[in-house]
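Written out below as C-alpha cells is the structure these notes cover.
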Amino acid sequence: MIMISLIASALCQSQCAMVVLMYTMTNPIKHYLQFGDFSLPEYAYLLRRTALLKAKFKRYETWHPLHDRTLVMIFEKNSTRTRLSFEAGICQLGGHAVFLNTRDTQLGRGESAQDAARVISRMSDIIMIRTFGQEMIELFAAHSRVPVINGLTNEYHPCQVLADIFTFYEHRGAIAGKTVAWVGDANNMAYTWVQAADILGFNFHFSGPPGYQLLDQRVAHAKRLRQFDDPLEAVAGADMVTTDVWTSMGYEVENEARLAAFQAWSVNAEMMRCAKPDALFMHCLPAHRGEEVSAEVIDGPQSVVWDEAENRLHVQKALMEYLLCGEL
C-alpha cells in the first residue's frame, strides 16, 4: 500500500508539473499588482478556489500543484502575516520559498529594479514583493519573466482586501450589493477597497478626518464610493465596518499629529451600533486597542479578525496556483 501511495503521489506531482509548464508556455505572464488587475469572473473563481483549498487544509489533505516551484519573497517593509502566509502557502502547495530582504541584497545597494527582475525571475517561478512605492513593483514586473504579486505598497494592498472579501463571503455570502464602511486613514487599504467595490458591485463608504481623506484624482472614476465627514453616518446600515492603524509604515514621524486628528474616528461599540445588528468588524492587523479600535469591538462577537488573518494563507494559495496553473 505504501508503494502504491508513493507511485500515485509521484504521478500526481508529474501531472501537476506538466500543467504548470503547459500553462506558462501557452499563456502570457499575468501579474497581481493591484485589485483592478483581475476581472469579476476571475475573482469569482478565486473565491471558490480559496474555499476548496481551505477545506483541503482543514482535512490535512495533501495538494501539491506547485511541486518543486520556487517563490521569491522580496521585503523592503517589515511583515508578519504577509511573510508567514506566503511562505507557508507555497510550502502547502508543494513548492518552497526564498526570503530576500533588500537590506541584505544588492537591491539595497543601488541595483536597479529592472536588473534585479531580470536575474531573480530567471531563478524562480513566481515573485512576491512588499515595498514602499507602487512604481518600483510596476517597474519590476515589466522586466520579470514570471508572475509578480504585490504583497503591499504605499498605494495598494490587494492580497489583504481579497482575504477580507473571502472572509465576508464565508460569514455572510456574496458581497455584491452590500455596504462596507471604512473608518480611518486614506491609506493603501482604503484605495484598494475603492477598486474592489467597482469590480465586485458593493457600496463603499469612507470617512476620515480633514487632511487624511481620499485624493480626488485617485478616485475620480469610482462608481460605488460615498464619502462622509461624520464616521457615524458612514457606518449607518453597513454590513461590514473595517479600519486600520492610524499611522502606517513609513509615516511614523506624523504619529503625534495623527493621534490627535483621528480621535473621533475610533471604532467603538457606539459606532458599531450604527451599523446593521449583524455587521462584521475587520482589521488587517496589527491593531492598537484604544486607538483605531476599542478592545470591546476587536475582541467582541462581531469581530472576525482572526478568520481574516488566517484567510491570507488560503487566498494567497489560490492566487499563486491561479497565476501559475490557470483555472483547475
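Letters A, B, ... go to the chains of the C-alpha cells in the order shown; residues in each chain start at 1; ligands are counted from 1 in the same order.
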May I have the residues within 10 Å of stretch 211-227 of chain A as a compact mmCIF listing (two decimals) with N, CA and C atoms, in the first residue's frame, using only C-alpha atoms and disregarding those fewer than 4 positions away in the same chain?
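Below you can see result.txt, which holds the result:
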# COMPACT_ATOMS: atom_id res chain seq x y z
N GLY A 177 -23.82 44.17 -3.66
CA GLY A 177 -24.99 44.86 -3.14
C GLY A 177 -24.92 45.22 -1.67
N THR A 179 -22.84 46.80 1.88
CA THR A 179 -22.15 48.06 2.17
C THR A 179 -20.99 47.81 3.12
N VAL A 180 -19.81 48.24 2.70
CA VAL A 180 -18.59 48.18 3.52
C VAL A 180 -18.24 49.61 3.94
N ALA A 181 -18.05 49.82 5.23
CA ALA A 181 -17.71 51.15 5.74
C ALA A 181 -16.27 51.16 6.24
N TRP A 182 -15.50 52.09 5.74
CA TRP A 182 -14.12 52.28 6.17
C TRP A 182 -14.05 53.53 7.04
N GLY A 184 -11.25 55.77 9.03
CA GLY A 184 -9.84 55.99 9.30
C GLY A 184 -9.08 56.64 8.18
N ASP A 185 -7.84 56.24 8.02
CA ASP A 185 -6.91 56.88 7.09
C ASP A 185 -7.17 56.48 5.64
N ALA A 186 -6.88 57.41 4.75
CA ALA A 186 -6.96 57.11 3.30
C ALA A 186 -5.65 56.46 2.88
N ASN A 187 -5.48 55.20 3.27
CA ASN A 187 -4.22 54.52 3.02
C ASN A 187 -4.36 53.49 1.90
N ALA A 190 -7.65 51.51 1.95
CA ALA A 190 -8.84 52.25 1.53
C ALA A 190 -8.91 52.35 0.00
N TYR A 191 -7.79 52.66 -0.63
CA TYR A 191 -7.79 52.77 -2.08
C TYR A 191 -8.04 51.42 -2.75
N TRP A 193 -9.96 49.06 -1.45
CA TRP A 193 -11.39 48.85 -1.28
C TRP A 193 -12.19 49.60 -2.34
N VAL A 194 -11.74 50.80 -2.70
CA VAL A 194 -12.42 51.56 -3.75
C VAL A 194 -12.43 50.77 -5.06
N GLN A 195 -11.30 50.19 -5.42
CA GLN A 195 -11.23 49.37 -6.63
C GLN A 195 -12.14 48.14 -6.52
N ALA A 196 -12.08 47.47 -5.37
CA ALA A 196 -12.84 46.24 -5.19
C ALA A 196 -14.34 46.49 -5.29
N ALA A 197 -14.81 47.61 -4.78
CA ALA A 197 -16.24 47.92 -4.81
C ALA A 197 -16.75 48.00 -6.24
N ASP A 198 -15.99 48.66 -7.11
CA ASP A 198 -16.43 48.79 -8.50
C ASP A 198 -16.44 47.45 -9.23
N ILE A 199 -15.47 46.60 -8.95
CA ILE A 199 -15.39 45.32 -9.64
C ILE A 199 -16.43 44.33 -9.13
N LEU A 200 -16.61 44.27 -7.81
CA LEU A 200 -17.48 43.25 -7.21
C LEU A 200 -18.89 43.75 -6.94
N GLY A 201 -19.15 45.04 -7.14
CA GLY A 201 -20.51 45.54 -7.07
C GLY A 201 -21.08 45.76 -5.69
N PHE A 202 -20.26 46.19 -4.73
CA PHE A 202 -20.77 46.56 -3.42
C PHE A 202 -20.54 48.05 -3.19
N ASN A 203 -21.17 48.59 -2.17
CA ASN A 203 -21.04 50.01 -1.85
C ASN A 203 -19.92 50.22 -0.85
N PHE A 204 -19.12 51.25 -1.07
CA PHE A 204 -18.01 51.54 -0.17
C PHE A 204 -18.17 52.93 0.42
N HIS A 205 -18.30 52.98 1.74
CA HIS A 205 -18.41 54.24 2.47
C HIS A 205 -17.07 54.55 3.12
N PHE A 206 -16.61 55.77 2.94
CA PHE A 206 -15.33 56.19 3.52
C PHE A 206 -15.52 57.40 4.40
N SER A 207 -14.86 57.38 5.56
CA SER A 207 -14.83 58.57 6.42
C SER A 207 -13.46 58.69 7.08
N PRO A 231 -18.12 59.92 10.76
CA PRO A 231 -17.96 58.47 10.68
C PRO A 231 -19.21 57.70 11.07
N GLU A 233 -22.23 58.48 10.28
CA GLU A 233 -23.04 58.41 9.08
C GLU A 233 -22.47 57.39 8.10
N ALA A 234 -21.17 57.27 8.05
CA ALA A 234 -20.54 56.31 7.14
C ALA A 234 -20.89 54.88 7.48
N TRP A 246 -3.76 54.09 12.54
CA TRP A 246 -3.77 55.49 12.12
C TRP A 246 -2.45 55.92 11.50
N ARG A 258 -1.28 62.54 13.93
CA ARG A 258 -2.34 61.62 13.56
C ARG A 258 -3.16 61.19 14.78
N ALA A 261 -5.58 63.92 15.37
CA ALA A 261 -6.57 64.13 14.31
C ALA A 261 -7.64 63.04 14.24
N PHE A 262 -7.29 61.82 14.64
CA PHE A 262 -8.18 60.68 14.41
C PHE A 262 -9.06 60.30 15.61
(request) as a ChimeraX atom specification, list the residues of stretch 63-210 of chain A assigned to strand (DSSP E) by DSSP on the backbone atoms of this structure. (result) /A:70-75,96-101,126-130,148-152,179-183,203-207
For N, CA and C atoms, I'd like the residues from the last selection saved as a compact mmCIF listing (two decimals), in the first residue's frame.
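Listed below is the output, part_1.txt:
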# COMPACT_ATOMS: atom_id res chain seq x y z
N THR A 70 9.45 27.55 -7.09
CA THR A 70 10.11 28.45 -6.15
C THR A 70 9.46 29.82 -6.13
N LEU A 71 9.08 30.25 -4.94
CA LEU A 71 8.58 31.60 -4.70
C LEU A 71 9.70 32.43 -4.09
N VAL A 72 10.03 33.55 -4.70
CA VAL A 72 10.96 34.50 -4.10
C VAL A 72 10.16 35.62 -3.46
N MET A 73 10.42 35.88 -2.18
CA MET A 73 9.73 36.93 -1.44
C MET A 73 10.73 38.05 -1.16
N ILE A 74 10.45 39.24 -1.69
CA ILE A 74 11.33 40.40 -1.52
C ILE A 74 10.67 41.37 -0.56
N PHE A 75 11.34 41.65 0.55
CA PHE A 75 10.78 42.52 1.58
C PHE A 75 11.63 43.77 1.77
N HIS A 96 8.57 25.83 -2.51
CA HIS A 96 9.33 26.37 -1.40
C HIS A 96 9.61 27.85 -1.65
N ALA A 97 9.94 28.55 -0.55
CA ALA A 97 10.11 29.99 -0.61
C ALA A 97 11.55 30.39 -0.30
N VAL A 98 11.99 31.48 -0.94
CA VAL A 98 13.28 32.10 -0.66
C VAL A 98 13.00 33.52 -0.18
N PHE A 99 13.48 33.85 1.01
CA PHE A 99 13.26 35.17 1.60
C PHE A 99 14.44 36.08 1.29
N LEU A 100 14.15 37.25 0.72
CA LEU A 100 15.17 38.26 0.45
C LEU A 100 14.77 39.57 1.10
N ASN A 101 15.65 40.11 1.91
CA ASN A 101 15.44 41.44 2.49
C ASN A 101 16.31 42.41 1.71
N ILE A 126 7.80 32.43 -9.38
CA ILE A 126 6.84 33.46 -9.00
C ILE A 126 7.49 34.34 -7.94
N ILE A 127 7.13 35.63 -7.91
CA ILE A 127 7.79 36.59 -7.03
C ILE A 127 6.73 37.40 -6.30
N MET A 128 6.94 37.59 -5.00
CA MET A 128 6.10 38.48 -4.21
C MET A 128 6.98 39.60 -3.67
N ILE A 129 6.50 40.84 -3.77
CA ILE A 129 7.28 41.99 -3.31
C ILE A 129 6.44 42.82 -2.34
N ARG A 130 7.05 43.18 -1.22
CA ARG A 130 6.44 44.07 -0.22
C ARG A 130 7.37 45.27 -0.08
N VAL A 148 4.43 38.42 -10.85
CA VAL A 148 4.80 39.22 -9.68
C VAL A 148 3.53 39.57 -8.91
N ILE A 149 3.57 39.43 -7.58
CA ILE A 149 2.44 39.71 -6.71
C ILE A 149 2.79 40.88 -5.79
N ASN A 150 1.86 41.79 -5.63
CA ASN A 150 2.01 42.90 -4.70
C ASN A 150 1.66 42.41 -3.30
N GLY A 151 2.68 42.31 -2.43
CA GLY A 151 2.46 41.94 -1.04
C GLY A 151 2.16 43.14 -0.16
N LEU A 152 2.24 44.33 -0.70
CA LEU A 152 1.88 45.61 -0.07
C LEU A 152 2.78 46.68 -0.65
N THR A 179 -22.84 46.80 1.88
CA THR A 179 -22.15 48.06 2.17
C THR A 179 -20.99 47.81 3.12
N VAL A 180 -19.81 48.24 2.70
CA VAL A 180 -18.59 48.18 3.52
C VAL A 180 -18.24 49.61 3.94
N ALA A 181 -18.05 49.82 5.23
CA ALA A 181 -17.71 51.15 5.74
C ALA A 181 -16.27 51.16 6.24
N TRP A 182 -15.50 52.09 5.74
CA TRP A 182 -14.12 52.28 6.17
C TRP A 182 -14.05 53.53 7.04
N VAL A 183 -13.46 53.38 8.23
CA VAL A 183 -13.32 54.49 9.17
C VAL A 183 -11.84 54.65 9.47
N ASN A 203 -21.17 48.59 -2.17
CA ASN A 203 -21.04 50.01 -1.85
C ASN A 203 -19.92 50.22 -0.85
N PHE A 204 -19.12 51.25 -1.07
CA PHE A 204 -18.01 51.54 -0.17
C PHE A 204 -18.17 52.93 0.42
N HIS A 205 -18.30 52.98 1.74
CA HIS A 205 -18.41 54.24 2.47
C HIS A 205 -17.07 54.55 3.12
N PHE A 206 -16.61 55.77 2.94
CA PHE A 206 -15.33 56.19 3.52
C PHE A 206 -15.52 57.40 4.40
N SER A 207 -14.86 57.38 5.56
CA SER A 207 -14.83 58.57 6.42
C SER A 207 -13.46 58.69 7.08
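Picture a line from atom CA of A:Val119 to atom CA of A:Arg145; it runs 9.3 Å.
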(request) Figure out the distance between atom CA of A:Phe132 and atom CA of A:Thr243, please, to one decimal in Å. (result) 20.3 Å
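Computed from the coordinates, the atom CA of A:His67 to atom CA of A:Gln316 distance equals 16.1 Å.
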Give one line per residue of stretch 19-135 of chain A that approaches stretch 324-327 of chain A to at most 8 Å, naming the two atoms of the closest pair and their distance in Å to one decimal, counting only C-alpha atoms; sort by chain then ascending residue number and deliver it as a Markdown table.
| residue | atom | partner | partner_atom | distance |
| --- | --- | --- | --- | --- |
| A:Val19 | CA | A:Cys325 | CA | 6.2 |
| A:Val20 | CA | A:Cys325 | CA | 4.9 |
| A:Tyr23 | CA | A:Cys325 | CA | 5.7 |
| A:Thr24 | CA | A:Leu324 | CA | 6.6 |
| A:Tyr45 | CA | A:Glu327 | CA | 7.7 |
| A:Ile126 | CA | A:Leu324 | CA | 7.8 |
Could you please take those selected residues and save N, CA and C atoms as a PDB file, in the first residue's frame?
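Final output, result34.pdb:
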ATOM      1  N   VAL A  19       1.103  20.539 -15.955  1.00  0.00           N
ATOM      2  CA  VAL A  19       0.076  21.580 -16.040  1.00  0.00           C
ATOM      3  C   VAL A  19       0.713  22.956 -15.942  1.00  0.00           C
ATOM      4  N   VAL A  20       1.625  23.131 -14.979  1.00  0.00           N
ATOM      5  CA  VAL A  20       2.310  24.413 -14.808  1.00  0.00           C
ATOM      6  C   VAL A  20       3.110  24.755 -16.055  1.00  0.00           C
ATOM      7  N   TYR A  23       0.780  25.621 -19.031  1.00  0.00           N
ATOM      8  CA  TYR A  23       0.094  26.899 -18.838  1.00  0.00           C
ATOM      9  C   TYR A  23       1.050  28.065 -19.065  1.00  0.00           C
ATOM     10  N   THR A  24       2.250  27.982 -18.483  1.00  0.00           N
ATOM     11  CA  THR A  24       3.195  29.086 -18.612  1.00  0.00           C
ATOM     12  C   THR A  24       3.714  29.228 -20.032  1.00  0.00           C
ATOM     13  N   TYR A  45     -13.881  32.936  -9.474  1.00  0.00           N
ATOM     14  CA  TYR A  45     -13.116  31.692  -9.459  1.00  0.00           C
ATOM     15  C   TYR A  45     -12.210  31.618  -8.224  1.00  0.00           C
ATOM     16  N   ILE A 126       7.796  32.430  -9.376  1.00  0.00           N
ATOM     17  CA  ILE A 126       6.838  33.464  -9.004  1.00  0.00           C
ATOM     18  C   ILE A 126       7.493  34.344  -7.942  1.00  0.00           C
TER      19      ILE A 126
END
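Proximity to A:Trp63 was assessed for A:Leu93, A:Leu47, A:Ile298, A:Val315 counting only C-alpha atoms; the smallest distance is recorded for A:Leu93.
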What are the nearest atom pairs, with distances in Å to one decimal, for all residues of stretch 35-125 of chain A that come at most 12 Å from stretch 285-290 of chain A, using only C-alpha atoms, set out by chain and rising residue number as JSON lines?
{"residue": "A:Asn78", "atom": "CA", "partner": "A:Pro286", "partner_atom": "CA", "distance": 11.8}
{"residue": "A:Ser79", "atom": "CA", "partner": "A:Pro286", "partner_atom": "CA", "distance": 10.0}
{"residue": "A:Thr80", "atom": "CA", "partner": "A:Pro286", "partner_atom": "CA", "distance": 9.0}
{"residue": "A:Arg81", "atom": "CA", "partner": "A:Leu285", "partner_atom": "CA", "distance": 8.5}
{"residue": "A:Thr82", "atom": "CA", "partner": "A:Leu285", "partner_atom": "CA", "distance": 10.9}
Could you find all residues in stretch 31-76 of chain A that DSSP calls alpha helix (DSSP H) from the backbone, and write them as a compact mmCIF listing (two decimals) with N, CA and C atoms, in the first residue's frame?
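Resulting contents of selection_11.txt:
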# COMPACT_ATOMS: atom_id res chain seq x y z
N LEU A 40 -14.20 40.42 -12.65
CA LEU A 40 -15.21 39.78 -11.79
C LEU A 40 -15.21 38.26 -11.93
N PRO A 41 -15.19 37.70 -13.15
CA PRO A 41 -15.15 36.23 -13.25
C PRO A 41 -13.90 35.63 -12.61
N GLU A 42 -12.78 36.31 -12.71
CA GLU A 42 -11.56 35.79 -12.08
C GLU A 42 -11.70 35.78 -10.57
N TYR A 43 -12.29 36.83 -10.01
CA TYR A 43 -12.48 36.85 -8.56
C TYR A 43 -13.49 35.80 -8.12
N ALA A 44 -14.52 35.58 -8.92
CA ALA A 44 -15.48 34.53 -8.58
C ALA A 44 -14.78 33.18 -8.52
N TYR A 45 -13.88 32.94 -9.47
CA TYR A 45 -13.12 31.69 -9.46
C TYR A 45 -12.21 31.62 -8.22
N LEU A 46 -11.50 32.70 -7.93
CA LEU A 46 -10.56 32.70 -6.80
C LEU A 46 -11.27 32.47 -5.48
N LEU A 47 -12.46 33.03 -5.31
CA LEU A 47 -13.21 32.81 -4.07
C LEU A 47 -13.61 31.35 -3.94
N ARG A 48 -14.09 30.75 -5.04
CA ARG A 48 -14.44 29.33 -5.00
C ARG A 48 -13.21 28.48 -4.73
N ARG A 49 -12.11 28.83 -5.39
CA ARG A 49 -10.89 28.04 -5.24
C ARG A 49 -10.33 28.16 -3.82
N THR A 50 -10.41 29.37 -3.26
CA THR A 50 -9.93 29.56 -1.88
C THR A 50 -10.70 28.68 -0.92
N ALA A 51 -12.03 28.62 -1.09
CA ALA A 51 -12.84 27.77 -0.22
C ALA A 51 -12.42 26.31 -0.33
N LEU A 52 -12.13 25.86 -1.54
CA LEU A 52 -11.70 24.47 -1.74
C LEU A 52 -10.35 24.21 -1.10
N LEU A 53 -9.39 25.11 -1.31
CA LEU A 53 -8.06 24.93 -0.74
C LEU A 53 -8.09 25.00 0.79
N LYS A 54 -8.94 25.85 1.33
CA LYS A 54 -9.05 25.91 2.79
C LYS A 54 -9.64 24.62 3.33
N ALA A 55 -10.63 24.08 2.63
CA ALA A 55 -11.22 22.80 3.06
C ALA A 55 -10.18 21.69 3.03
N LYS A 56 -9.34 21.66 2.00
CA LYS A 56 -8.27 20.66 1.94
C LYS A 56 -7.32 20.82 3.13
N PHE A 57 -6.99 22.07 3.45
CA PHE A 57 -6.10 22.36 4.58
C PHE A 57 -6.70 21.84 5.89
N LYS A 58 -7.98 22.06 6.09
CA LYS A 58 -8.64 21.63 7.32
C LYS A 58 -8.72 20.10 7.41
(request) Find the residues around A:Cys274 up to 10 Å (only C-alpha atoms counted), leave out those fewer than 2 positions away in its own chain, and share them as a list in words. (result) Pro231, Leu232, Glu233, Ala234, Val235, Ala236, Gly237, Ala238, Ala269, Glu270, Met271, Met272, Lys276, Pro277 and Ala279 of chain A
Those same residues - N, CA and C atoms - I'd like them written as a compact mmCIF listing (two decimals), in the first residue's frame.
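Output file part_8.txt follows:
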# COMPACT_ATOMS: atom_id res chain seq x y z
N PRO A 231 -18.12 59.92 10.76
CA PRO A 231 -17.96 58.47 10.68
C PRO A 231 -19.21 57.70 11.07
N LEU A 232 -20.04 58.27 11.95
CA LEU A 232 -21.27 57.58 12.34
C LEU A 232 -22.23 57.47 11.16
N GLU A 233 -22.23 58.48 10.28
CA GLU A 233 -23.04 58.41 9.08
C GLU A 233 -22.47 57.39 8.10
N ALA A 234 -21.17 57.27 8.05
CA ALA A 234 -20.54 56.31 7.14
C ALA A 234 -20.89 54.88 7.48
N VAL A 235 -20.98 54.56 8.76
CA VAL A 235 -21.24 53.17 9.16
C VAL A 235 -22.73 52.87 9.27
N ALA A 236 -23.60 53.87 9.16
CA ALA A 236 -25.03 53.65 9.30
C ALA A 236 -25.52 52.60 8.30
N GLY A 237 -26.08 51.52 8.80
CA GLY A 237 -26.62 50.47 7.95
C GLY A 237 -25.59 49.61 7.25
N ALA A 238 -24.33 49.72 7.64
CA ALA A 238 -23.27 48.95 6.96
C ALA A 238 -23.33 47.47 7.32
N ALA A 269 -17.95 50.62 20.45
CA ALA A 269 -19.26 49.96 20.50
C ALA A 269 -20.37 50.88 20.02
N GLU A 270 -20.28 52.17 20.37
CA GLU A 270 -21.29 53.13 19.93
C GLU A 270 -21.34 53.19 18.40
N MET A 271 -20.17 53.22 17.78
CA MET A 271 -20.13 53.29 16.32
C MET A 271 -20.68 52.01 15.70
N MET A 272 -20.34 50.87 16.25
CA MET A 272 -20.82 49.60 15.70
C MET A 272 -22.34 49.49 15.82
N LYS A 276 -25.49 47.63 10.84
CA LYS A 276 -26.51 46.60 10.98
C LYS A 276 -26.22 45.74 12.21
N PRO A 277 -27.23 45.18 12.83
CA PRO A 277 -27.00 44.37 14.05
C PRO A 277 -26.04 43.20 13.83
N ALA A 279 -23.57 43.23 11.59
CA ALA A 279 -22.40 43.71 10.85
C ALA A 279 -21.12 43.07 11.37
(message) Just checking: using only C-alpha atoms, which residue out of A:Asp125, A:Asp278, A:Asp68, A:Glu76 ends up closest to A:Gly250?
(response) A:Glu76
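Between A:Glu155 and the candidates A:Thr192, A:Gln106, A:Ser124, A:Ser85, the tightest atom-to-atom separation, counting only C-alpha atoms, involves A:Thr192.
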